[in-house]
Structures are given as structure tokens and as C-alpha cells.
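Participant: So here's input_5.pdb (PDB, C-alpha atoms).
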```pdb
ATOM      1  CA  MET N   1     -79.188  -4.818 -16.937
ATOM      2  CA  SER N   2     -75.738  -6.179 -17.503
ATOM      3  CA  SER N   3     -73.056  -4.896 -15.172
ATOM      4  CA  LEU N   4     -70.181  -3.276 -17.020
ATOM      5  CA  THR N   5     -66.592  -3.582 -15.957
ATOM      6  CA  SER N   6     -64.536  -0.416 -16.033
ATOM      7  CA  ILE N   7     -61.339  -0.711 -17.984
ATOM      8  CA  ASN N   8     -58.397   1.018 -16.408
ATOM      9  CA  THR N   9     -55.847   2.334 -18.852
ATOM     10  CA  THR N  10     -52.223   2.735 -17.821
ATOM     11  CA  ARG N  11     -50.587   5.884 -19.167
ATOM     12  CA  VAL N  12     -47.307   5.068 -20.887
ATOM     13  CA  THR N  13     -44.701   7.807 -21.228
ATOM     14  CA  PRO N  14     -43.642   7.917 -24.868
ATOM     15  CA  THR N  15     -39.989   7.545 -25.653
ATOM     16  CA  THR N  16     -38.237  10.033 -27.876
ATOM     17  CA  THR N  17     -37.084   8.645 -31.177
ATOM     18  CA  VAL N  18     -34.096  10.301 -32.737
ATOM     19  CA  GLN N  19     -33.802   9.896 -36.453
ATOM     20  CA  ILE N  20     -30.279   9.806 -37.771
ATOM     21  CA  ALA N  21     -29.867  10.530 -41.426
ATOM     22  CA  ALA N  22     -26.708   9.610 -43.235
ATOM     23  CA  THR N  23     -25.278  12.412 -45.351
ATOM     24  CA  VAL N  24     -24.908  11.352 -48.945
ATOM     25  CA  LYS N  25     -23.171  13.518 -51.427
ATOM     26  CA  PRO N  26     -25.647  14.049 -54.266
ATOM     27  CA  ASP N  27     -24.748  13.322 -57.825
ATOM     28  CA  ALA N  28     -24.794  16.706 -59.521
ATOM     29  CA  THR N  29     -25.647  15.216 -62.870
ATOM     30  CA  LYS N  30     -28.279  12.585 -61.999
ATOM     31  CA  THR N  31     -30.908  11.947 -59.321
ATOM     32  CA  GLN N  32     -31.608   8.274 -59.008
ATOM     33  CA  GLN N  33     -35.272   7.222 -58.786
ATOM     34  CA  PRO N  34     -36.435   3.705 -57.916
ATOM     35  CA  THR N  35     -37.412   1.658 -60.926
ATOM     36  CA  GLU N  36     -40.881   0.169 -61.354
ATOM     37  CA  THR N  37     -39.476  -3.221 -60.378
ATOM     38  CA  GLU N  38     -37.903  -1.811 -57.203
ATOM     39  CA  ARG N  39     -41.138  -0.077 -56.220
ATOM     40  CA  ALA N  40     -43.100  -3.288 -56.792
ATOM     41  CA  VAL N  41     -40.621  -5.273 -54.671
ATOM     42  CA  ASN N  42     -40.763  -2.696 -51.855
ATOM     43  CA  GLY N  43     -44.578  -2.707 -51.900
ATOM     44  CA  SER N  44     -44.657  -6.484 -51.826
ATOM     45  CA  GLU N  45     -42.276  -6.536 -48.852
ATOM     46  CA  LYS N  46     -44.532  -4.118 -46.924
ATOM     47  CA  ILE N  47     -47.590  -6.286 -47.573
ATOM     48  CA  ASP N  48     -45.712  -9.407 -46.498
ATOM     49  CA  ASN N  49     -44.556  -7.669 -43.304
ATOM     50  CA  THR N  50     -48.125  -6.597 -42.498
ATOM     51  CA  ARG N  51     -49.386 -10.131 -43.027
ATOM     52  CA  THR N  52     -46.586 -11.512 -40.888
ATOM     53  CA  ASP N  53     -47.445  -9.079 -38.055
ATOM     54  CA  GLN N  54     -51.129  -9.998 -38.276
ATOM     55  CA  THR N  55     -50.366 -13.701 -38.269
ATOM     56  CA  ARG N  56     -48.099 -13.262 -35.257
ATOM     57  CA  ALA N  57     -50.819 -11.318 -33.396
ATOM     58  CA  ASN N  58     -53.409 -14.007 -34.196
ATOM     59  CA  ASN N  59     -51.071 -16.735 -32.986
ATOM     60  CA  ASN N  60     -50.398 -14.855 -29.753
ATOM     61  CA  ARG N  61     -54.132 -14.389 -29.172
ATOM     62  CA  ALA N  62     -54.827 -18.047 -29.864
ATOM     63  CA  ALA N  63     -52.105 -19.052 -27.414
ATOM     64  CA  LEU N  64     -53.582 -16.764 -24.753
ATOM     65  CA  VAL N  65     -57.083 -18.186 -25.246
ATOM     66  CA  ALA N  66     -55.729 -21.729 -25.031
ATOM     67  CA  GLU N  67     -54.278 -20.913 -21.595
ATOM     68  CA  LEU N  68     -57.623 -19.728 -20.148
ATOM     69  CA  ASP N  69     -59.246 -21.914 -17.524
ATOM     70  CA  PRO N  70     -62.781 -23.288 -18.109
ATOM     71  CA  ALA N  71     -64.467 -20.457 -16.187
ATOM     72  CA  GLU N  72     -62.648 -17.840 -18.247
ATOM     73  CA  GLN N  73     -63.514 -19.705 -21.430
ATOM     74  CA  ARG N  74     -67.214 -19.517 -20.514
ATOM     75  CA  VAL N  75     -66.926 -15.779 -19.801
ATOM     76  CA  LEU N  76     -65.231 -15.278 -23.157
ATOM     77  CA  GLU N  77     -67.879 -17.219 -25.072
ATOM     78  CA  ASN N  78     -70.639 -15.231 -23.336
ATOM     79  CA  LEU N  79     -68.949 -11.966 -24.269
ATOM     80  CA  LYS N  80     -68.568 -13.031 -27.891
ATOM     81  CA  SER N  81     -72.235 -13.988 -28.030
ATOM     82  CA  ARG N  82     -73.262 -10.716 -26.384
ATOM     83  CA  ASP N  83     -71.126  -8.743 -28.844
ATOM     84  CA  ARG N  84     -72.838 -10.367 -31.833
ATOM     85  CA  GLU N  85     -76.281  -9.813 -30.310
ATOM     86  CA  VAL N  86     -75.659  -6.128 -29.521
ATOM     87  CA  ARG N  87     -74.262  -5.336 -32.966
ATOM     88  CA  ALA N  88     -77.141  -7.093 -34.742
ATOM     89  CA  HIS N  89     -79.641  -5.273 -32.483
ATOM     90  CA  GLU N  90     -78.244  -1.815 -33.269
ATOM     91  CA  GLN N  91     -77.891  -2.590 -36.966
ATOM     92  CA  ALA N  92     -81.606  -3.437 -37.081
ATOM     93  CA  HIS N  93     -82.373   0.015 -35.631
ATOM     94  CA  LEU N  94     -80.082   1.718 -38.142
ATOM     95  CA  SER N  95     -81.503  -0.097 -41.144
ATOM     96  CA  ALA N  96     -85.083   0.699 -40.140
ATOM     97  CA  ALA N  97     -84.392   4.322 -39.159
ATOM     98  CA  GLY N  98     -83.007   5.268 -42.562
ATOM     99  CA  ASN N  99     -82.392   9.006 -42.866
ATOM    100  CA  LEU N 100     -83.805   9.634 -39.384
ATOM    101  CA  ALA N 101     -80.671   8.153 -37.819
ATOM    102  CA  SER N 102     -78.642  11.086 -36.499
ATOM    103  CA  SER N 103     -75.508   8.991 -36.078
ATOM    104  CA  GLY N 104     -74.170   5.491 -36.346
ATOM    105  CA  ALA N 105     -74.393   3.046 -33.483
ATOM    106  CA  THR N 106     -72.260   3.745 -30.417
ATOM    107  CA  PHE N 107     -71.218   0.948 -28.100
ATOM    108  CA  THR N 108     -70.050   0.351 -24.562
ATOM    109  CA  TYR N 109     -67.389  -2.307 -24.154
ATOM    110  CA  GLN N 110     -66.111  -4.833 -21.666
ATOM    111  CA  GLN N 111     -62.661  -6.318 -21.840
ATOM    112  CA  GLY N 112     -62.577 -10.081 -22.046
ATOM    113  CA  PRO N 113     -60.109 -12.469 -20.453
ATOM    114  CA  ASP N 114     -58.344 -12.624 -23.826
ATOM    115  CA  GLY N 115     -57.571  -8.891 -23.651
ATOM    116  CA  GLN N 116     -60.015  -8.002 -26.448
ATOM    117  CA  ARG N 117     -62.927  -5.558 -26.116
ATOM    118  CA  TYR N 118     -66.487  -6.791 -26.657
ATOM    119  CA  ALA N 119     -69.655  -4.715 -27.114
ATOM    120  CA  VAL N 120     -72.054  -5.217 -24.213
ATOM    121  CA  GLY N 121     -74.351  -2.234 -24.821
ATOM    122  CA  GLY N 122     -75.205   0.246 -27.524
ATOM    123  CA  GLU N 123     -77.529   2.905 -28.805
ATOM    124  CA  VAL N 124     -78.603   4.670 -31.993
ATOM    125  CA  GLY N 125     -79.639   8.333 -32.093
ATOM    126  CA  ILE N 126     -82.908   9.014 -33.946
ATOM    127  CA  GLU N 127     -84.368  12.379 -34.963
ATOM    128  CA  SER N 128     -87.556  12.762 -32.933
ATOM    129  CA  ALA N 129     -88.590  16.384 -33.513
ATOM    130  CA  ARG N 130     -92.050  16.999 -34.966
ATOM    131  CA  VAL N 131     -92.228  18.585 -38.394
ATOM    132  CA  PRO N 132     -93.364  22.172 -37.664
ATOM    133  CA  GLY N 133     -96.658  23.108 -39.300
ATOM    134  CA  ASP N 134     -96.974  19.754 -41.083
ATOM    135  CA  PRO N 135     -98.939  17.214 -39.029
ATOM    136  CA  GLU N 136     -99.085  14.759 -41.942
ATOM    137  CA  ALA N 137     -95.286  14.660 -42.206
ATOM    138  CA  THR N 138     -95.119  14.351 -38.412
ATOM    139  CA  ILE N 139     -97.401  11.299 -38.578
ATOM    140  CA  GLN N 140     -95.170   9.641 -41.177
ATOM    141  CA  ARG N 141     -92.060  10.396 -39.122
ATOM    142  CA  ALA N 142     -93.638   9.004 -35.955
ATOM    143  CA  GLN N 143     -94.602   5.815 -37.770
ATOM    144  CA  GLN N 144     -91.040   5.399 -39.016
ATOM    145  CA  ILE N 145     -89.676   5.997 -35.512
ATOM    146  CA  ARG N 146     -91.972   3.343 -34.106
ATOM    147  CA  ARG N 147     -90.920   0.791 -36.710
ATOM    148  CA  ALA N 148     -87.248   1.564 -36.097
ATOM    149  CA  ALA N 149     -87.671   1.196 -32.334
ATOM    150  CA  LEU N 150     -89.327  -2.209 -32.695
ATOM    151  CA  ALA N 151     -87.089  -3.467 -35.541
ATOM    152  CA  PRO N 152     -84.801  -5.765 -33.479
ATOM    153  CA  ALA N 153     -85.942  -9.295 -32.737
ATOM    154  CA  ASN N 154     -85.986  -8.522 -28.999
ATOM    155  CA  PRO N 155     -86.742  -4.814 -28.406
ATOM    156  CA  SER N 156     -85.419  -3.488 -25.116
ATOM    157  CA  ALA N 157     -87.480  -1.580 -22.548
ATOM    158  CA  GLN N 158     -86.054   1.660 -23.953
ATOM    159  CA  ASP N 159     -87.049   0.586 -27.475
ATOM    160  CA  ARG N 160     -90.625   0.011 -26.356
ATOM    161  CA  SER N 161     -90.686   3.351 -24.557
ATOM    162  CA  VAL N 162     -89.583   5.135 -27.749
ATOM    163  CA  ALA N 163     -92.258   3.277 -29.722
ATOM    164  CA  VAL N 164     -94.977   4.297 -27.250
ATOM    165  CA  ASN N 165     -93.829   7.922 -27.399
ATOM    166  CA  ALA N 166     -93.871   7.827 -31.213
ATOM    167  CA  SER N 167     -97.431   6.507 -31.160
ATOM    168  CA  ALA N 168     -98.447   9.390 -28.886
ATOM    169  CA  ILE N 169     -96.831  11.904 -31.259
ATOM    170  CA  ALA N 170     -98.692  10.362 -34.197
ATOM    171  CA  LEU N 171    -101.996  10.519 -32.307
ATOM    172  CA  ASP N 172    -101.508  14.216 -31.496
ATOM    173  CA  ALA N 173    -100.569  14.948 -35.099
ATOM    174  CA  ARG N 174    -103.667  13.120 -36.347
ATOM    175  CA  ALA N 175    -105.844  15.258 -34.090
ATOM    176  CA  GLU N 176    -104.140  18.399 -35.426
ATOM    177  CA  LEU N 177    -104.594  17.253 -39.016
ATOM    178  CA  ALA N 178    -108.230  16.331 -38.363
ATOM    179  CA  LYS N 179    -108.846  19.850 -37.074
ATOM    180  CA  GLN N 180    -107.393  21.282 -40.283
ATOM    181  CA  VAL N 181    -109.567  18.977 -42.404
ATOM    182  CA  GLN N 182    -112.625  19.879 -40.355
ATOM    183  CA  GLU N 183    -112.045  23.590 -40.869
ATOM    184  CA  GLU N 184    -111.395  23.177 -44.587
ATOM    185  CA  ARG N 185    -114.344  20.895 -45.374
ATOM    186  CA  GLY N 186    -116.843  21.708 -42.673
ATOM    187  CA  GLN N 187    -116.938  18.106 -41.485
ATOM    188  CA  SER N 188    -117.734  16.980 -37.984
ATOM    189  CA  ALA N 189    -114.740  16.420 -35.724
ATOM    190  CA  VAL N 190    -115.387  12.660 -35.612
ATOM    191  CA  ASP N 191    -115.659  12.310 -39.388
ATOM    192  CA  ALA N 192    -112.529  14.382 -39.940
ATOM    193  CA  PHE N 193    -110.511  12.367 -37.418
ATOM    194  CA  ASN N 194    -111.657   9.056 -38.893
ATOM    195  CA  GLU N 195    -110.704  10.221 -42.374
ATOM    196  CA  VAL N 196    -107.236  11.247 -41.207
ATOM    197  CA  ALA N 197    -106.737   7.994 -39.307
ATOM    198  CA  GLN N 198    -107.747   5.920 -42.323
ATOM    199  CA  SER N 199    -105.423   7.871 -44.611
ATOM    200  CA  ALA N 200    -102.498   7.507 -42.184
ATOM    201  CA  ASP N 201    -103.047   3.755 -41.871
ATOM    202  CA  GLN N 202    -103.077   3.376 -45.645
ATOM    203  CA  ASN N 203     -99.808   5.316 -45.941
ATOM    204  CA  GLN N 204     -98.213   3.120 -43.307
ATOM    205  CA  ASN N 205     -99.325  -0.076 -45.058
ATOM    206  CA  ARG N 206     -97.906   1.178 -48.376
ATOM    207  CA  SER N 207     -94.534   1.929 -46.813
ATOM    208  CA  ASN N 208     -92.048  -0.937 -47.048
ATOM    209  CA  THR N 209     -89.292   0.954 -45.228
ATOM    210  CA  PRO N 210     -89.312   0.276 -41.496
ATOM    211  CA  GLU N 211     -89.545   3.595 -39.731
ATOM    212  CA  VAL N 212     -87.069  10.376 -33.282
ATOM    213  CA  GLU N 213     -85.040  16.702 -31.183
ATOM    214  CA  THR N 214     -82.583  13.330 -31.114
ATOM    215  CA  VAL N 215     -83.180  10.443 -28.697
ATOM    216  CA  PRO N 216     -81.242   7.228 -28.164
ATOM    217  CA  ILE N 217     -83.440   4.536 -29.579
ATOM    218  CA  ASP N 218     -82.066   2.301 -26.932
ATOM    219  CA  THR N 219     -79.345   1.664 -24.493
ATOM    220  CA  PHE N 220     -79.124  -2.028 -25.070
ATOM    221  CA  ALA N 221     -79.206  -3.757 -21.724
TER     222      ALA N 221
END
```
Starting from the file, give its structure as C-alpha cells.
Facilitator:
Amino acid sequence: MSSLTSINTTRVTPTTTVQIAATVKPDATKTQQPTETERAVNGSEKIDNTRTDQTRANNNRAALVAELDPAEQRVLENLKSRDREVRAHEQAHLSAAGNLASSGATFTYQQGPDGQRYAVGGEVGIESARVPGDPEATIQRAQQIRRAALAPANPSAQDRSVAVNASAIALDARAELAKQVQEERGQSAVDAFNEVAQSADQNQNRSNTPEVETVPIDTFA
């Protein structure tokens, strides 16, 4: 597992801003409103100011990075690579989980030598509760959970654990469904279970959408 560095935040006491408004004697006969041209000019000035601030911030960051020594540069590149890997990993879970995702991805961060925060870990919550009284729906949900857990190119140990648990849930649900089929049709237990297993496999093969109460599908580490 990657070791995470705690980020200490310094509390800054806010200063009090006093707004001073000039008193203007209103014109009793006419209230002046800005013209369309004036509003357009003001809006354009705000956009230009925002772009100027962003450009200044980018230049400052670039200057800071340029001052890093080789060791710090390597740390920064590793963090950038890790950030991309973590975000792609969690996005794969989200895309495969579909409506079973109980939330978006959450990340843990490490501050780099450039002062920026980079994702070094993450997780996605997945609805894992069985569907009460409906073993067939439970089987389909478990299959989707398993596909979601194994969706990333390199599933973590937690991902694999979730997938194994989903397989166990599906197996239990198949046994429950087989019992129902057996009672309804008078089949033997073996025949009923085989029929249910074959039907579930066919449903899984037809599904093109990669498929957990809520569990984190992984804590990327």
C-alpha cells in the first residue's frame, strides 16, 4: 500500500472588510440603467480579468516547478502518474456499476512538491444488498457487482474480494431459485439447480453492461 502524507492546514484568521458606500443623491425624475453596450463591456472586462488571473496562476506554478530539484521532479511525475491511474481505475468501476453505484468516486490526496493535490487512493460505493424475495434479481445484481469490481485493468485486492463475495451471493441465490423451481415443477434438486445455472449464465452472456447494503468497491492502494 502507498503511504499517505498528512497535509497540515494552517488556520488563517479572516480580516474584516468594511464596505464604504458613497452617498449619491438620486435623480427624482430618472433612474439610470446601464446600456447594453456598457453591460457587454463590463462582462468582457470580467472575463479578461479571470483569464489574466488564471494565466498568472499558471505562470507562478510553472515557475515553482522549474525551481524543483531532480528528486522533487521525480516525486512530482510519480504523483501525476498515480493521479491519472487512480482516476481511471475508479471511473472504470463507476461505468461498470451503472445504477448500482451509490455515490461518485471519493479520493484521498497527497500534496506534491508543487503545492498541488494529487489523488493517491480512491473508492466507489456499490449497492450490495440482496433483492428480498427475488433470487433471480439477486443473481443479476451479483453478476453486475462482480463485473464492476473487476472492470479496471488492474483490480486491487479489495476489488477481487468484492468479486468473490458477489460470486458467493450469486451461488446462494441460485440455490434458492433452484429450490423454488424444484417445488413448482417437481424436478430433482440437481436438475433444478442445473436449469437455474444455465439460465443465469445465458442472462449474463446477453448482458453487455458490465455489472454491491453499500460496500466500497475498493480502496485503491
Participant: Atom CA of Ile139 of chain N to atom CA of Glu176 of chain N: how many Å, to one decimal?
Facilitator: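 We find that atom CA of Ile139 of chain N and atom CA of Glu176 of chain N lie 10.3 Å from each other.
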Participant: Taking all atoms listed in the file into account, name the residue in N:Gln180, N:Ser167, N:Thr55, N:Thr106 that is nearest to Ala119 of chain N.
Facilitator: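 Among the listed residues, the smallest separation from Ala119 of chain N belongs to N:Thr106.
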Participant: Could you list, as a list in words, every residue within 10 Å of Gly104 of chain N, counting all atoms listed in the file and ignoring same-chain residues fewer than 2 positions away?
Facilitator: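 Counting all atoms listed in the file, the residues come to Glu90, Gln91, His93, Leu94, Ala101, Ser102, Thr106, Phe107, Glu123, Val124, Gly125 and Ile126 of chain N.
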Participant: What's around segment 65-82 of chain N at 6 Å? Count only C-alpha atoms, leave out sequence neighbours fewer than 2 positions away in its own chain, and write the answer as a VMD selection string.
Facilitator: chain N and resid 62 to 63 84 to 85 112 114
Participant: Those residues with C-alpha atoms, as a PDB file, in the frame of the given file please?
Facilitator:
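Contents of part.pdb, freshly written:
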```
ATOM      1  CA  ALA N  62     -54.827 -18.047 -29.864  1.00  0.00           C
ATOM      2  CA  ALA N  63     -52.105 -19.052 -27.414  1.00  0.00           C
ATOM      3  CA  ARG N  84     -72.838 -10.367 -31.833  1.00  0.00           C
ATOM      4  CA  GLU N  85     -76.281  -9.813 -30.310  1.00  0.00           C
ATOM      5  CA  GLY N 112     -62.577 -10.081 -22.046  1.00  0.00           C
ATOM      6  CA  ASP N 114     -58.344 -12.624 -23.826  1.00  0.00           C
TER       7      ASP N 114
END
```
Participant: So how far away is atom CA of Arg130 of chain N from atom CA of Ile169 of chain N, in Å?
Facilitator: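 Value for the atom CA of Ile169 of chain N-atom CA of Arg130 of chain N distance: 7.9 Å.
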Participant: Given the choices N:Tyr118, N:Leu64, N:Arg141, N:Pro135, which gets closest to Lys179 of chain N if the distance is worked out from all atoms listed in the file?
Facilitator: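 Of all the options, N:Pro135 lies closest to Lys179 of chain N.
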